[in-house]
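One structure is given here, and the rest of the page talks about it.
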Amino acid sequence: MSTRLSPSMTPDTQFFWDGVREHRLLIQRCCGCGALRHPPRPMCPRCNSVVWDTVESAGRGAVFSFVMPHHPQYPWFEYPYIVALVDLDEGTRIVSNLVGVAPDDATIGMRVEVGYEHFDDGLVLPMFRPVVAS
Ligand SMILES: [Zn+2]
């Protein structure tokens with residue numbers, strides 16, 4: 001695939017991107033109250049604990065909302081593309097891209113599952129595509 005602007009990676013988010021490189025979707029879990037949170041951050045917004053571990057998401061969920069950015073156009077995206085908010089089955093929400101579906105066919109509530117897209121510069125990003133009914 002082509003290149004893509006890399007997300008900012010910080011000590012707080014490094015575990016997430018390390019997991020993505022291994023094709024694992026790791027979600028931060030508070031050790032104080034058990035709440036999941038994403039994107040990763042140092043302190044639990046519910047109980048203020050700074051102690052946390054991770055759970056591995058099964059990578060399935062439903063589209064909560066989505067948009068298709070049109071302007072301004074950047075060279076590191078192929079247009080049209082879909083930015084989706086996905087409600088993971090584990091109970092937290094993640095911003096990602098929706099791929100493998102025509103923009104006109106994307107719907108709220110659509111069941112999706114994660115896949116991993118590799119870019120030329122070594123970047124790996126989680127992206128969601130519709131679950132294929134079997
Ligand atoms: Zn907590």
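Ordering of the structure tokens sets the chain letters (A, B, ...), residue numbers begin anew at 1 in every chain, and ligands are numbered from 1 in the order given.
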So that I can see what lies close to Ala35 in chain A, please list as an MDAnalysis selection string the residues with an atom at most 10 Å from it, counting only C-alpha atoms and leaving out residues fewer than 3 positions away in the same chain.
chainID A and resid 28:32 44:47 52 91:92
Write to file, as a PDB file, in the first residue's frame, the residues of the selection just made, with N, CA, C and O atoms.
ATOM      1  N   GLN A  28      -7.065  -0.259  26.931  1.00  0.00           N
ATOM      2  CA  GLN A  28      -6.647   0.039  28.296  1.00  0.00           C
ATOM      3  C   GLN A  28      -7.804  -0.248  29.261  1.00  0.00           C
ATOM      4  O   GLN A  28      -8.955   0.109  28.995  1.00  0.00           O
ATOM      5  N   ARG A  29      -7.467  -0.900  30.384  1.00  0.00           N
ATOM      6  CA  ARG A  29      -8.473  -1.206  31.413  1.00  0.00           C
ATOM      7  C   ARG A  29      -7.973  -0.698  32.761  1.00  0.00           C
ATOM      8  O   ARG A  29      -6.853  -0.998  33.183  1.00  0.00           O
ATOM      9  N   CYS A  30      -8.824   0.049  33.451  1.00  0.00           N
ATOM     10  CA  CYS A  30      -8.477   0.581  34.768  1.00  0.00           C
ATOM     11  C   CYS A  30      -8.433  -0.558  35.792  1.00  0.00           C
ATOM     12  O   CYS A  30      -9.359  -1.366  35.876  1.00  0.00           O
ATOM     13  N   CYS A  31      -7.348  -0.606  36.569  1.00  0.00           N
ATOM     14  CA  CYS A  31      -7.244  -1.626  37.623  1.00  0.00           C
ATOM     15  C   CYS A  31      -8.014  -1.210  38.869  1.00  0.00           C
ATOM     16  O   CYS A  31      -8.214  -2.024  39.777  1.00  0.00           O
ATOM     17  N   GLY A  32      -8.441   0.043  38.941  1.00  0.00           N
ATOM     18  CA  GLY A  32      -9.215   0.494  40.086  1.00  0.00           C
ATOM     19  C   GLY A  32     -10.681   0.132  39.967  1.00  0.00           C
ATOM     20  O   GLY A  32     -11.288  -0.386  40.910  1.00  0.00           O
ATOM     21  N   CYS A  44      -7.684   7.241  34.927  1.00  0.00           N
ATOM     22  CA  CYS A  44      -9.065   6.833  34.693  1.00  0.00           C
ATOM     23  C   CYS A  44     -10.007   8.025  34.937  1.00  0.00           C
ATOM     24  O   CYS A  44      -9.977   8.632  36.010  1.00  0.00           O
ATOM     25  N   PRO A  45     -10.834   8.363  33.961  1.00  0.00           N
ATOM     26  CA  PRO A  45     -11.758   9.485  34.152  1.00  0.00           C
ATOM     27  C   PRO A  45     -12.892   9.163  35.123  1.00  0.00           C
ATOM     28  O   PRO A  45     -13.592  10.060  35.574  1.00  0.00           O
ATOM     29  N   ARG A  46     -13.059   7.887  35.463  1.00  0.00           N
ATOM     30  CA  ARG A  46     -14.144   7.500  36.362  1.00  0.00           C
ATOM     31  C   ARG A  46     -13.698   7.517  37.825  1.00  0.00           C
ATOM     32  O   ARG A  46     -14.390   8.025  38.683  1.00  0.00           O
ATOM     33  N   CYS A  47     -12.506   6.929  38.108  1.00  0.00           N
ATOM     34  CA  CYS A  47     -12.100   6.776  39.516  1.00  0.00           C
ATOM     35  C   CYS A  47     -10.738   7.407  39.817  1.00  0.00           C
ATOM     36  O   CYS A  47     -10.265   7.328  40.952  1.00  0.00           O
ATOM     37  N   TRP A  52      -3.251   0.604  35.492  1.00  0.00           N
ATOM     38  CA  TRP A  52      -4.051   0.029  34.419  1.00  0.00           C
ATOM     39  C   TRP A  52      -3.349  -1.174  33.814  1.00  0.00           C
ATOM     40  O   TRP A  52      -2.142  -1.355  33.975  1.00  0.00           O
ATOM     41  N   GLY A  91     -17.167  -2.826  24.809  1.00  0.00           N
ATOM     42  CA  GLY A  91     -17.826  -1.741  25.507  1.00  0.00           C
ATOM     43  C   GLY A  91     -17.118  -0.407  25.477  1.00  0.00           C
ATOM     44  O   GLY A  91     -17.412   0.473  26.290  1.00  0.00           O
ATOM     45  N   THR A  92     -16.178  -0.228  24.561  1.00  0.00           N
ATOM     46  CA  THR A  92     -15.585   1.090  24.410  1.00  0.00           C
ATOM     47  C   THR A  92     -15.584   1.440  22.935  1.00  0.00           C
ATOM     48  O   THR A  92     -15.906   0.615  22.083  1.00  0.00           O
TER      49      THR A  92
END
Could you pull out all residues of chain A with a DSSP call of alpha helix (DSSP H) and give them as a PyMOL selection string?
chain A and resi 14-21
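Among the candidates A:Gly19, A:Pro7, A:Gly34, A:Pro40, the residue lying nearest to ligand 1 is A:Gly34 (atoms considered: only C-alpha atoms and all ligand atoms).
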Selected residue of minimal separation from Asp87 in chain A among A:Ala62, A:Ile108, A:Val99, A:Val124, counting only C-alpha atoms
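Smallest separation from Asp87 in chain A among the options: A:Ala62.
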Kindly indicate which residue among A:Asp53, A:Glu117, A:Asp89, A:Asp105 lies nearest to ligand 1, using only C-alpha atoms and all ligand atoms for the distances.
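Of all the options, A:Asp53 lies closest to ligand 1.
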